[in-house]
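Reviewing the structure listed below.
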Amino acid sequence: TVGWAIPDMVAHEDAAPLTVDLSGVFTDIDSNVSAMVRSVTSVSNPTLLGAEITGNTLTLTFAPDENGDAEITVGAVSDGLRVSDTFLVTVSPVDDPPAVAAPLADILAVRDDPDAAISLSGVFTDIDNEPSEMRFSAVSGDTSLVTVSVAGEILTLAFQSGAIGETSVTVTAASGGKNTDTTFTVTVEPTLFTLSGSVVYLHTGIPVPGTLVT
């Protein structure tokens, strides 16, 4: 017989596995309880969660990014007789933050290059919200080298006059009150030009050893 019914349960999406002590759930006045064989006989929504019994412990394992309801039926067999108990598990939705789907590649530019426009379409995904709901922003690690701006899904890098060096740019996607970052490196190299028709000099006036113009 059922000694006490397993109560209905509520868990959040992506929750850690949940364990239930089955001691006392089933009783048998005629036989030793330890001789009972317990098992999960049905899970109405196996895409939502999995259920298994080890000894007296029922473990519920939740599928990632899934929410909804599932009925779990647990049974016990003793002396050839079977009894079962069914309970409801509700997994409530949780708004996940955006995820980086396609990291931005590092950028290599030359001093005084024109502004560079980079599309942010497809860089981030959000399993819970439409792409159109995402909002983007960006920050340059060195605004004396490169400044950044975002309009819609377009990130613009503006290389500062005469500046060379290396810095990072961090792009943030926000959706549903949560956000995720991705970072890439921007390197701006010196401009090369020639003097005397043969030796290559940097814009600083320093010759590049062993480099000739043909």
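Chains: A, B, ... in order of the structure tokens. Residues: from 1 per chain. Ligands: from 1, in order shown.
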Subject >> Selection: 10 Å around A:Ala35, only C-alpha atoms, excl. self and same-chain fewer than 4 positions, as a PyMOL selection string >> reply: chain A and resi 28+31+76-79
**OP:** Among the residues of chain A, find those DSSP assigns to helix (DSSP H, G or I) from the backbone and print them as number ranges by chain.
**Re:** A: 33-35, 131-133
**OP:** Counting only C-alpha atoms, figure out which residue out of A:Ile154, A:Ser44, A:Ala138, A:Pro93 gets nearest to A:Val171.
**Re:** A:Ala138
**OP:** Could you please write out, as number ranges by chain, every residue of stretch 31-192 of chain A that DSSP assigns to strand (DSSP E or B)?
**Re:** A: 37-43, 49-54, 57-62, 68-78, 81-92, 99-100, 107-110, 116-119, 124-125, 135-140, 146-151, 154-159, 165-175, 178-189, 192
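Using only C-alpha atoms, the smallest distance between any of A:Ala174, A:Val91, A:Leu145, A:Ala101 and A:Val186 comes from A:Leu145.
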